[in-house]
file input31.txt (compact mmCIF, C-alpha atoms)
# COMPACT_ATOMS: atom_id res chain seq x y z
CA MET A 1 18.07 28.15 11.64
CA ALA A 2 14.32 27.60 11.78
CA ARG A 3 14.13 28.14 8.00
CA ILE A 4 16.88 25.57 7.40
CA ILE A 5 15.15 23.00 9.61
CA ASP A 6 11.84 23.64 7.83
CA PHE A 7 13.55 23.23 4.44
CA LEU A 8 15.12 19.92 5.47
CA ARG A 9 11.78 18.66 6.75
CA ARG A 10 10.11 19.53 3.46
CA ILE A 11 12.84 17.78 1.51
CA GLY A 12 12.59 14.71 3.76
CA ALA A 13 8.84 14.54 3.18
CA GLN A 14 9.22 14.18 -0.59
CA PRO A 15 7.90 10.74 -1.67
CA TRP A 16 10.78 10.21 -4.12
CA LEU A 17 13.56 10.71 -1.60
CA LEU A 18 13.34 7.44 0.34
CA PRO A 19 13.40 5.09 -2.69
CA LEU A 20 16.16 7.15 -4.31
CA THR A 21 18.24 6.99 -1.13
CA ALA A 22 17.68 3.23 -0.94
CA LEU A 23 18.76 2.85 -4.57
CA LEU A 24 21.95 4.85 -3.99
CA LEU A 25 22.84 2.76 -0.93
CA ARG A 26 22.23 -0.48 -2.83
CA SER A 27 24.29 0.75 -5.76
CA ARG A 28 27.26 1.19 -3.41
CA THR A 29 27.43 -2.58 -2.94
CA VAL A 30 28.87 -2.93 -6.46
CA ARG A 31 31.86 -1.30 -8.11
CA GLN A 32 29.86 -0.13 -11.16
CA SER A 33 27.59 2.10 -9.04
CA SER A 34 26.84 4.72 -11.70
CA ALA A 35 25.82 2.13 -14.27
CA PHE A 36 23.71 0.36 -11.64
CA VAL A 37 21.75 3.54 -10.83
CA ALA A 38 21.34 4.50 -14.48
CA ARG A 39 20.03 1.09 -15.48
CA GLU A 40 17.59 1.00 -12.59
CA LEU A 41 16.25 4.51 -13.24
CA CYS A 42 16.01 3.90 -17.00
CA GLY A 43 14.25 0.56 -16.59
CA SER A 44 16.92 -1.36 -18.48
CA SER A 45 15.86 -4.89 -19.33
CA GLY A 46 18.17 -7.87 -19.19
CA CYS A 47 20.54 -9.34 -16.66
CA PHE A 48 23.69 -7.41 -15.77
CA ARG A 49 26.90 -8.59 -14.12
CA TYR A 50 28.45 -6.51 -11.33
CA GLU A 51 31.60 -6.87 -9.24
CA LEU A 52 30.99 -6.66 -5.51
CA ARG A 53 32.66 -3.71 -3.81
CA GLN A 54 33.10 -5.58 -0.52
CA PHE A 55 34.58 -8.64 -2.25
CA PRO A 56 36.74 -7.71 -5.28
CA GLY A 57 36.80 -10.49 -7.84
CA HIS A 58 33.37 -11.77 -6.83
CA TYR A 59 30.27 -11.05 -8.89
CA VAL A 60 26.47 -11.03 -8.89
CA LEU A 61 23.83 -10.83 -11.63
CA VAL A 62 20.99 -8.31 -11.35
CA ARG A 63 17.70 -8.00 -13.23
CA HIS A 64 16.86 -4.33 -12.91
CA GLY A 65 13.31 -3.31 -12.13
CA THR A 66 12.77 -6.45 -10.06
CA GLY A 67 13.14 -7.52 -6.44
CA ASP A 68 16.76 -8.48 -7.21
CA VAL A 69 17.77 -4.92 -6.30
CA VAL A 70 16.11 -5.14 -2.87
CA THR A 71 17.58 -8.57 -2.15
CA LEU A 72 21.04 -7.36 -3.17
CA GLY A 73 20.75 -4.60 -0.59
CA GLU A 74 19.61 -7.03 2.11
CA VAL A 75 22.60 -9.31 1.57
CA PHE A 76 25.40 -6.83 0.83
CA HIS A 77 24.26 -3.51 2.35
CA THR A 78 22.36 -4.38 5.53
CA SER A 79 24.33 -7.67 5.77
CA ASP A 80 21.39 -9.90 6.72
CA TYR A 81 23.64 -12.97 6.53
CA SER A 82 26.64 -11.59 8.38
CA PRO A 83 27.54 -14.38 10.85
CA PRO A 84 27.67 -13.72 14.60
CA SER A 85 30.99 -13.58 16.42
CA GLU A 86 30.51 -17.12 17.73
CA PHE A 87 31.14 -18.51 14.25
CA GLU A 88 34.91 -18.21 14.44
CA GLU A 89 34.87 -20.24 17.65
CA LEU A 90 32.49 -22.75 16.06
CA PHE A 91 34.29 -23.24 12.75
CA GLY A 92 37.69 -21.56 13.02
CA GLU A 93 39.07 -19.10 10.49
CA ARG A 94 38.36 -21.36 7.50
CA GLY A 95 34.61 -21.34 8.23
CA PRO A 96 32.03 -24.03 7.42
CA LYS A 97 32.98 -26.72 4.92
CA GLN A 98 29.49 -27.55 3.60
CA ILE A 99 26.75 -24.95 3.13
CA LEU A 100 23.14 -25.70 2.16
CA ASP A 101 21.14 -22.80 0.67
CA LEU A 102 17.37 -23.43 0.65
CA GLY A 103 15.39 -20.86 -1.30
CA ALA A 104 18.52 -19.75 -3.10
CA ASN A 105 16.89 -17.24 -5.48
CA VAL A 106 19.53 -15.84 -7.88
CA GLY A 107 22.48 -16.72 -5.66
CA TYR A 108 23.22 -13.64 -3.57
CA ALA A 109 23.53 -15.55 -0.30
CA GLY A 110 25.71 -18.09 -2.06
CA ALA A 111 27.91 -15.32 -3.48
CA TYR A 112 28.26 -13.84 0.00
CA PHE A 113 29.14 -17.15 1.62
CA SER A 114 31.57 -18.16 -1.14
CA ALA A 115 33.39 -14.84 -0.73
CA LEU A 116 33.59 -15.25 3.06
CA TRP A 117 34.54 -18.93 2.96
CA PRO A 118 36.08 -19.79 -0.46
CA ASP A 119 36.86 -23.38 0.56
CA ALA A 120 33.22 -24.22 1.34
CA GLY A 121 31.07 -26.40 -0.89
CA ILE A 122 27.63 -24.89 -1.55
CA THR A 123 24.50 -26.80 -2.54
CA ALA A 124 21.60 -24.51 -3.48
CA TYR A 125 17.92 -25.31 -4.03
CA GLU A 126 15.71 -23.02 -6.13
CA PRO A 127 12.50 -24.12 -7.90
CA ASP A 128 11.53 -20.88 -9.67
CA PRO A 129 12.67 -21.29 -13.31
CA GLY A 130 13.53 -17.62 -13.80
CA ASN A 131 15.54 -17.35 -10.61
CA ALA A 132 17.26 -20.67 -11.25
CA ALA A 133 18.33 -19.62 -14.75
CA VAL A 134 20.07 -16.52 -13.38
CA HIS A 135 21.61 -18.56 -10.57
CA GLU A 136 22.99 -21.17 -12.97
CA HIS A 137 24.38 -18.45 -15.23
CA LEU A 138 26.22 -16.88 -12.29
CA ILE A 139 27.83 -20.21 -11.47
CA SER A 140 28.75 -20.90 -15.10
CA VAL A 141 30.45 -17.55 -15.77
CA ASP A 142 32.59 -17.54 -12.63
CA SER A 143 35.31 -20.19 -12.64
CA GLU A 144 35.89 -19.61 -8.91
CA LEU A 145 32.51 -21.19 -8.10
CA SER A 146 33.41 -24.79 -8.96
CA LYS A 147 32.28 -26.01 -5.52
CA TRP A 148 28.82 -24.47 -5.94
CA ARG A 149 25.94 -26.44 -7.47
CA LEU A 150 22.25 -25.69 -7.97
CA VAL A 151 19.34 -28.11 -7.70
CA ARG A 152 16.13 -27.01 -9.45
CA ALA A 153 13.67 -28.18 -6.81
CA ALA A 154 11.72 -26.94 -3.82
CA ALA A 155 13.01 -27.88 -0.38
CA GLY A 156 10.72 -30.13 1.65
CA ASN A 157 10.63 -33.04 4.06
CA ALA A 158 9.33 -35.57 1.51
CA THR A 159 10.10 -36.25 -2.16
CA GLY A 160 7.36 -35.49 -4.66
CA GLU A 161 5.82 -32.60 -6.57
CA THR A 162 3.93 -29.46 -5.57
CA GLN A 163 2.12 -26.48 -7.01
CA PHE A 164 4.36 -23.44 -7.03
CA VAL A 165 3.74 -19.74 -7.66
CA ALA A 166 6.58 -18.71 -9.97
CA GLY A 167 7.59 -15.32 -11.31
CA GLY A 168 7.55 -13.49 -8.00
CA VAL A 169 11.36 -13.17 -7.88
CA ALA A 170 12.17 -13.25 -4.13
CA LEU A 171 8.49 -13.87 -3.31
CA SER A 172 8.06 -17.01 -5.41
CA ARG A 173 6.61 -19.70 -3.18
CA VAL A 174 4.96 -23.07 -2.76
CA ALA A 175 1.26 -22.43 -3.42
CA ALA A 176 -1.03 -22.45 -0.40
CA ILE A 177 -4.73 -23.33 -0.60
CA GLY A 178 -6.48 -20.45 -2.34
CA ASP A 179 -3.18 -18.79 -3.32
CA GLU A 180 -3.94 -16.75 -6.43
CA PRO A 181 -0.96 -15.69 -8.57
CA ALA A 182 -0.53 -11.93 -8.83
CA GLU A 183 0.28 -10.05 -12.03
CA GLY A 184 3.46 -11.47 -13.53
CA GLU A 185 3.19 -14.69 -11.52
CA ARG A 186 2.03 -18.10 -12.72
CA LEU A 187 1.13 -21.43 -11.16
CA ILE A 188 3.40 -24.34 -12.15
CA THR A 189 4.29 -27.81 -10.89
CA VAL A 190 7.81 -28.26 -9.51
CA PRO A 191 9.70 -31.20 -7.98
CA VAL A 192 10.16 -31.33 -4.22
CA ALA A 193 13.31 -32.82 -2.68
CA ASP A 194 13.55 -34.28 0.79
CA VAL A 195 16.41 -32.12 2.08
CA LEU A 196 16.43 -33.33 5.71
CA PRO A 197 19.43 -35.66 5.17
CA GLU A 198 21.41 -32.74 3.72
CA ILE A 199 20.28 -30.40 6.51
CA CYS A 200 21.48 -32.86 9.13
CA ALA A 201 24.87 -33.23 7.44
CA ALA A 202 25.50 -29.52 6.74
CA ASP A 203 27.77 -27.17 8.64
CA LEU A 204 25.60 -24.15 7.77
CA VAL A 205 22.03 -24.10 6.46
CA LYS A 206 20.39 -20.95 5.10
CA ILE A 207 16.58 -21.14 4.83
CA ASP A 208 14.32 -18.60 3.13
CA ILE A 209 11.39 -20.52 1.66
CA GLU A 210 8.37 -18.31 2.37
CA GLY A 211 6.72 -20.45 5.06
CA GLY A 212 8.05 -23.82 3.94
CA GLU A 213 10.49 -23.76 6.87
CA TRP A 214 7.91 -25.07 9.34
CA ALA A 215 7.68 -28.54 7.80
CA LEU A 216 11.48 -28.83 8.05
CA LEU A 217 11.77 -27.60 11.64
CA ARG A 218 8.91 -29.83 12.84
CA ASP A 219 10.32 -32.97 11.24
CA SER A 220 11.63 -35.36 13.91
CA ARG A 221 14.85 -35.83 11.95
CA PHE A 222 15.71 -32.15 12.42
CA ALA A 223 15.34 -32.33 16.20
CA ALA A 224 17.32 -35.58 16.36
CA ASN A 225 20.25 -34.32 14.28
CA PRO A 226 20.29 -30.54 13.66
CA PRO A 227 22.91 -28.82 11.50
CA ARG A 228 25.91 -27.21 13.17
CA ALA A 229 24.55 -23.76 12.34
CA LEU A 230 21.54 -22.19 10.67
CA VAL A 231 20.39 -18.77 9.46
CA MET A 232 16.70 -18.52 8.64
CA GLU A 233 14.10 -16.01 7.58
CA TYR A 234 10.90 -17.07 9.33
CA HIS A 235 7.41 -16.26 8.07
CA PRO A 236 3.96 -16.31 9.69
CA GLU A 237 2.57 -18.27 6.73
CA GLY A 238 2.29 -21.92 7.70
CA CYS A 239 3.37 -21.30 11.29
CA GLY A 240 0.01 -21.76 13.01
CA GLU A 241 1.19 -19.89 16.12
CA ALA A 242 0.61 -16.33 17.31
CA SER A 243 4.32 -15.49 17.02
CA ALA A 244 6.47 -16.93 14.25
CA SER A 245 9.57 -15.73 16.07
CA ALA A 246 8.67 -17.53 19.30
CA ALA A 247 7.66 -20.68 17.42
CA ALA A 248 10.94 -20.81 15.49
CA GLN A 249 12.99 -20.22 18.62
CA GLN A 250 11.15 -22.95 20.51
CA LEU A 251 11.63 -25.54 17.75
CA LEU A 252 15.33 -24.74 17.43
CA GLU A 253 15.93 -24.83 21.16
CA GLN A 254 14.15 -28.20 21.33
CA ALA A 255 16.74 -29.39 18.81
CA GLY A 256 19.50 -28.31 21.20
CA MET A 257 20.45 -25.12 19.39
CA THR A 258 21.39 -21.70 20.74
CA VAL A 259 19.25 -19.04 19.07
CA VAL A 260 19.85 -15.35 18.37
CA ASP A 261 16.89 -13.50 16.82
CA SER A 262 18.06 -10.59 14.67
CA GLY A 263 14.64 -9.00 15.05
CA PRO A 264 11.47 -8.72 12.96
CA HIS A 265 11.21 -7.00 9.60
CA ASP A 266 7.72 -6.34 8.23
CA HIS A 267 4.51 -8.32 8.68
CA GLY A 268 5.90 -10.75 11.24
CA VAL A 269 8.86 -11.81 9.09
CA GLY A 270 12.28 -11.91 10.74
CA THR A 271 15.75 -13.42 10.67
CA LEU A 272 17.49 -15.55 13.26
CA TRP A 273 20.76 -17.41 13.70
CA ALA A 274 21.14 -20.67 15.58
CA TRP A 275 23.96 -23.14 16.24
CA SER A 276 24.13 -26.54 17.83
CA ARG A 277 25.23 -26.93 21.41
CA GLN A 278 26.08 -30.59 20.85

call {"tool": "encode", "arguments": {"input": "input31.txt", "output": "structure tokens"}}
result
Amino acid sequence: MARIIDFLRRIGAQPWLLPLTALLLRSRTVRQSSAFVARELCGSSGCFRYELRQFPGHYVLVRHGTGDVVTLGEVFHTSDYSPPSEFEELFGERGPKQILDLGANVGYAGAYFSALWPDAGITAYEPDPGNAAVHEHLISVDSELSKWRLVRAAAGNATGETQFVAGGVALSRVAAIGDEPAEGERLITVPVADVLPEICAADLVKIDIEGGEWALLRDSRFAANPPRALVMEYHPEGCGEASASAAAQQLLEQAGMTVVDSGPHDHGVGTLWAWSRQ
């Protein structure tokens, strides 16, 4: 027995095992699992269409060798956007009617929400040109997504333009002072849309904008008229407080929302759900 335990420990210590296990788990989110693994291991270039195992007849597009694979796992394996049980009481079986997706990337959250609630209208905002191109292609090739539209702009609390670090896939972001693009990234100018009116009118808002969430939460219009429900990935960047989690919870509670923190991930980043008590 001691030899078996020692063997298992040595296998578990191999540096290749953890990423391979993660890849296999992520591949199980799609029906073409073998092709998914092969393309990822072989470094296949291009954008590939996969049918979701959890939602037959619904599809995603994946650029292998990029952060798309990680994000796919977050949405469809670890179910980062799985709604809490209170949602059925809040919306009924049909779910929210209007969903706003801020920081929409290549559309995985939108694909998840459209599969859960096929009658919902989805408005997505994504300023990164590469991500937006994949997102638009997903919408165009799936006739079931007629209620889903993409706006190529960053989400903000005022209309204008901003410097944006593009090419980072899920880590593309509005440029901060001194923000130097990494390899594969570039600095571009993108339009910014004032999304507060849409936030206030939405049934469900998803926010993942790499620190841009603080300007939205601190806008007086948010506190005066919050959305019915919200799921947000909070970030320490731009927070200005010791705890991004505590700051987000305080701002949402001041807007009259009930908050459930799903817990931190890495480097102070975490996910929370909130819904209006009004």

call {"tool": "closest_residue", "arguments": {"input": "input31.txt", "among": "A:Ser245, A:Ser45, A:Ser114, A:Thr21", "to": "His64 (chain A)", "atoms": "only C-alpha atoms"}}
result
A:Ser45

call {"tool": "atom_distance", "arguments": {"input": "input31.txt", "atom1": "CA of Pro84 (chain A)", "atom2": "CA of Ala111 (chain A)"}}
result
18.2 Å

call {"tool": "atom_distance", "arguments": {"input": "input31.txt", "atom1": "CA of Ala104 (chain A)", "atom2": "CA of Glu126 (chain A)"}}
result
5.3 Å

call {"tool": "closest_atom_pairs", "arguments": {"input": "input31.txt", "of": "region 155-229 of chain A", "to": "region 256-274 of chain A", "cutoff": "8 Å", "atoms": "all atoms listed in the file", "output": "tab-separated table"}}
result
residue	atom	partner	partner_atom	distance
A:Ala223	CA	A:Gly256	CA	7.6
A:Pro226	CA	A:Met257	CA	7.9
A:Ala229	CA	A:Ala274	CA	5.6

call {"tool": "write_last_selection", "arguments": {"input": "input31.txt", "atoms": "C-alpha atoms", "output": "mmCIF file, in the frame of the given file"}}
result
data_model
loop_
_atom_site.group_PDB
_atom_site.id
_atom_site.type_symbol
_atom_site.label_atom_id
_atom_site.label_comp_id
_atom_site.auth_asym_id
_atom_site.auth_seq_id
_atom_site.Cartn_x
_atom_site.Cartn_y
_atom_site.Cartn_z
ATOM 1 C CA ALA A 223 15.340 -32.330 16.200
ATOM 2 C CA PRO A 226 20.290 -30.540 13.660
ATOM 3 C CA ALA A 229 24.550 -23.760 12.340
#

call {"tool": "residues_around", "arguments": {"input": "input31.txt", "residues": "region 85-93 of chain A", "least_positions_apart": "4", "cutoff": "12 Å", "atoms": "all atoms listed in the file", "output": "JSON, numbers by chain"}}
result
{"A": [97, 98, 116, 117, 118, 119, 120, 203, 204, 228, 229, 230, 231, 258, 259, 260, 273, 274, 275, 276, 277, 278]}

call {"tool": "write_last_selection", "arguments": {"input": "input31.txt", "atoms": "C-alpha atoms", "output": "mmCIF file, in the coordinates of the input"}}
result
data_model
loop_
_atom_site.group_PDB
_atom_site.id
_atom_site.type_symbol
_atom_site.label_atom_id
_atom_site.label_comp_id
_atom_site.auth_asym_id
_atom_site.auth_seq_id
_atom_site.Cartn_x
_atom_site.Cartn_y
_atom_site.Cartn_z
ATOM 1 C CA LYS A 97 32.980 -26.720 4.920
ATOM 2 C CA GLN A 98 29.490 -27.550 3.600
ATOM 3 C CA LEU A 116 33.590 -15.250 3.060
ATOM 4 C CA TRP A 117 34.540 -18.930 2.960
ATOM 5 C CA PRO A 118 36.080 -19.790 -0.460
ATOM 6 C CA ASP A 119 36.860 -23.380 0.560
ATOM 7 C CA ALA A 120 33.220 -24.220 1.340
ATOM 8 C CA ASP A 203 27.770 -27.170 8.640
ATOM 9 C CA LEU A 204 25.600 -24.150 7.770
ATOM 10 C CA ARG A 228 25.910 -27.210 13.170
ATOM 11 C CA ALA A 229 24.550 -23.760 12.340
ATOM 12 C CA LEU A 230 21.540 -22.190 10.670
ATOM 13 C CA VAL A 231 20.390 -18.770 9.460
ATOM 14 C CA THR A 258 21.390 -21.700 20.740
ATOM 15 C CA VAL A 259 19.250 -19.040 19.070
ATOM 16 C CA VAL A 260 19.850 -15.350 18.370
ATOM 17 C CA TRP A 273 20.760 -17.410 13.700
ATOM 18 C CA ALA A 274 21.140 -20.670 15.580
ATOM 19 C CA TRP A 275 23.960 -23.140 16.240
ATOM 20 C CA SER A 276 24.130 -26.540 17.830
ATOM 21 C CA ARG A 277 25.230 -26.930 21.410
ATOM 22 C CA GLN A 278 26.080 -30.590 20.850
#

call {"tool": "residues_around", "arguments": {"input": "input31.txt", "residues": "Ala109 (chain A)", "least_positions_apart": "5", "cutoff": "8 Å", "atoms": "all atoms listed in the file", "output": "short mmCIF file (atom, residue, chain, number, x, y, z; two decimals) with C-alpha atoms, keeping the file's coordinate frame"}}
result
data_model
loop_
_atom_site.label_atom_id
_atom_site.label_comp_id
_atom_site.auth_asym_id
_atom_site.auth_seq_id
_atom_site.Cartn_x
_atom_site.Cartn_y
_atom_site.Cartn_z
CA VAL A 75 22.60 -9.31 1.57
CA TYR A 81 23.64 -12.97 6.53
CA ASP A 101 21.14 -22.80 0.67
CA ALA A 104 18.52 -19.75 -3.10
#

call {"tool": "atom_distance", "arguments": {"input": "input31.txt", "atom1": "CA of Val30 (chain A)", "atom2": "CA of Ile209 (chain A)"}}
result
26.1 Å

call {"tool": "residues_around", "arguments": {"input": "input31.txt", "residues": "region 216-222 of chain A", "least_positions_apart": "5", "cutoff": "7 Å", "atoms": "all atoms listed in the file", "output": "count of residues only"}}
result
5

call {"tool": "residues_around", "arguments": {"input": "input31.txt", "residues": "region 160-174 of chain A", "least_positions_apart": "2", "cutoff": "7 Å", "atoms": "all atoms listed in the file", "output": "tab-separated table (two decimals) with C-alpha atoms, in the frame of the given file"}}
result
chain	number	residue	atom	x	y	z
A	67	GLY	CA	13.14	-7.52	-6.44
A	105	ASN	CA	16.89	-17.24	-5.48
A	128	ASP	CA	11.53	-20.88	-9.67
A	130	GLY	CA	13.53	-17.62	-13.80
A	131	ASN	CA	15.54	-17.35	-10.61
A	158	ALA	CA	9.33	-35.57	1.51
A	176	ALA	CA	-1.03	-22.45	-0.40
A	181	PRO	CA	-0.96	-15.69	-8.57
A	184	GLY	CA	3.46	-11.47	-13.53
A	185	GLU	CA	3.19	-14.69	-11.52
A	186	ARG	CA	2.03	-18.10	-12.72
A	187	LEU	CA	1.13	-21.43	-11.16
A	188	ILE	CA	3.40	-24.34	-12.15
A	189	THR	CA	4.29	-27.81	-10.89
A	190	VAL	CA	7.81	-28.26	-9.51
A	191	PRO	CA	9.70	-31.20	-7.98
A	192	VAL	CA	10.16	-31.33	-4.22
A	193	ALA	CA	13.31	-32.82	-2.68
A	209	ILE	CA	11.39	-20.52	1.66
A	210	GLU	CA	8.37	-18.31	2.37

call {"tool": "residues_around", "arguments": {"input": "input31.txt", "residues": "His77 (chain A)", "least_positions_apart": "4", "cutoff": "9 Å", "atoms": "all atoms listed in the file", "output": "ChimeraX atom specification"}}
result
/A:25-26,28-29,72-73

call {"tool": "write_last_selection", "arguments": {"input": "input31.txt", "atoms": "C-alpha atoms", "output": "compact mmCIF listing (two decimals), keeping the file's coordinate frame"}}
result
# COMPACT_ATOMS: atom_id res chain seq x y z
CA LEU A 25 22.84 2.76 -0.93
CA ARG A 26 22.23 -0.48 -2.83
CA ARG A 28 27.26 1.19 -3.41
CA THR A 29 27.43 -2.58 -2.94
CA LEU A 72 21.04 -7.36 -3.17
CA GLY A 73 20.75 -4.60 -0.59

call {"tool": "axis_aligned_box", "arguments": {"input": "input31.txt", "around": "region 181-197 of chain A", "padding_each_side": "3 Å", "output": "lines of an AutoDock Vina configuration file"}}
result
center_x = 9.2
center_y = -22.9
center_z = -3.9
size_x = 26.4
size_y = 31.6
size_z = 25.2

call {"tool": "closest_atom_pairs", "arguments": {"input": "input31.txt", "of": "region 65-145 of chain A", "to": "region 53-60 of chain A", "cutoff": "8 Å", "atoms": "only C-alpha atoms", "output": "tab-separated table"}}
result
residue	atom	partner	partner_atom	distance
A:Phe76	CA	A:Gln54	CA	7.9
A:Gly107	CA	A:Val60	CA	7.7
A:Tyr108	CA	A:Val60	CA	6.8
A:Ala111	CA	A:Val60	CA	7.1
A:Ala115	CA	A:Phe55	CA	6.5
A:Leu138	CA	A:Val60	CA	6.8
A:Asp142	CA	A:Tyr59	CA	7.8

call {"tool": "residues_near_point", "arguments": {"input": "input31.txt", "point": "(7.5, -16.1, 8.8)", "cutoff": "6 Å", "atoms": "all atoms listed in the file", "output": "list in words"}}
result
Gly211, Tyr234, His235, Pro236, Glu237, Ala244 and Val269 of chain A

call {"tool": "build_atoms", "arguments": {"input": "input31.txt", "residues": "region 240-255 of chain A", "atoms": "N, CA and C atoms", "output": "mmCIF file, keeping the file's coordinate frame"}}
result
data_model
loop_
_atom_site.group_PDB
_atom_site.id
_atom_site.type_symbol
_atom_site.label_atom_id
_atom_site.label_comp_id
_atom_site.auth_asym_id
_atom_site.auth_seq_id
_atom_site.Cartn_x
_atom_site.Cartn_y
_atom_site.Cartn_z
ATOM 1 N N GLY A 240 1.096 -21.282 12.156
ATOM 2 C CA GLY A 240 0.010 -21.760 13.010
ATOM 3 C C GLY A 240 0.088 -21.289 14.444
ATOM 4 N N GLU A 241 1.040 -20.424 14.763
ATOM 5 C CA GLU A 241 1.190 -19.890 16.120
ATOM 6 C C GLU A 241 1.050 -18.364 16.082
ATOM 7 N N ALA A 242 0.796 -17.777 17.248
ATOM 8 C CA ALA A 242 0.610 -16.330 17.310
ATOM 9 C C ALA A 242 1.882 -15.583 16.946
ATOM 10 N N SER A 243 3.038 -16.129 17.300
ATOM 11 C CA SER A 243 4.320 -15.490 17.020
ATOM 12 C C SER A 243 5.223 -16.445 16.273
ATOM 13 N N ALA A 244 5.557 -16.096 15.026
ATOM 14 C CA ALA A 244 6.470 -16.930 14.250
ATOM 15 C C ALA A 244 7.854 -16.939 14.876
ATOM 16 N N SER A 245 8.268 -15.810 15.427
ATOM 17 C CA SER A 245 9.570 -15.730 16.070
ATOM 18 C C SER A 245 9.671 -16.692 17.250
ATOM 19 N N ALA A 246 8.661 -16.657 18.122
ATOM 20 C CA ALA A 246 8.670 -17.530 19.300
ATOM 21 C C ALA A 246 8.588 -18.994 18.899
ATOM 22 N N ALA A 247 7.792 -19.293 17.865
ATOM 23 C CA ALA A 247 7.660 -20.680 17.420
ATOM 24 C C ALA A 247 8.976 -21.207 16.864
ATOM 25 N N ALA A 248 9.660 -20.389 16.056
ATOM 26 C CA ALA A 248 10.940 -20.810 15.490
ATOM 27 C C ALA A 248 11.974 -21.021 16.590
ATOM 28 N N GLN A 249 12.029 -20.097 17.530
ATOM 29 C CA GLN A 249 12.990 -20.220 18.620
ATOM 30 C C GLN A 249 12.737 -21.472 19.443
ATOM 31 N N GLN A 250 11.471 -21.762 19.731
ATOM 32 C CA GLN A 250 11.150 -22.950 20.510
ATOM 33 C C GLN A 250 11.569 -24.231 19.800
ATOM 34 N N LEU A 251 11.277 -24.328 18.510
ATOM 35 C CA LEU A 251 11.630 -25.540 17.750
ATOM 36 C C LEU A 251 13.144 -25.725 17.686
ATOM 37 N N LEU A 252 13.874 -24.647 17.514
ATOM 38 C CA LEU A 252 15.330 -24.740 17.430
ATOM 39 C C LEU A 252 15.952 -25.085 18.778
ATOM 40 N N GLU A 253 15.418 -24.513 19.828
ATOM 41 C CA GLU A 253 15.930 -24.830 21.160
ATOM 42 C C GLU A 253 15.616 -26.283 21.546
ATOM 43 N N GLN A 254 14.475 -26.794 21.097
ATOM 44 C CA GLN A 254 14.150 -28.200 21.330
ATOM 45 C C GLN A 254 15.122 -29.121 20.607
ATOM 46 N N ALA A 255 15.724 -28.620 19.537
ATOM 47 C CA ALA A 255 16.740 -29.390 18.810
ATOM 48 C C ALA A 255 18.128 -29.205 19.400
#
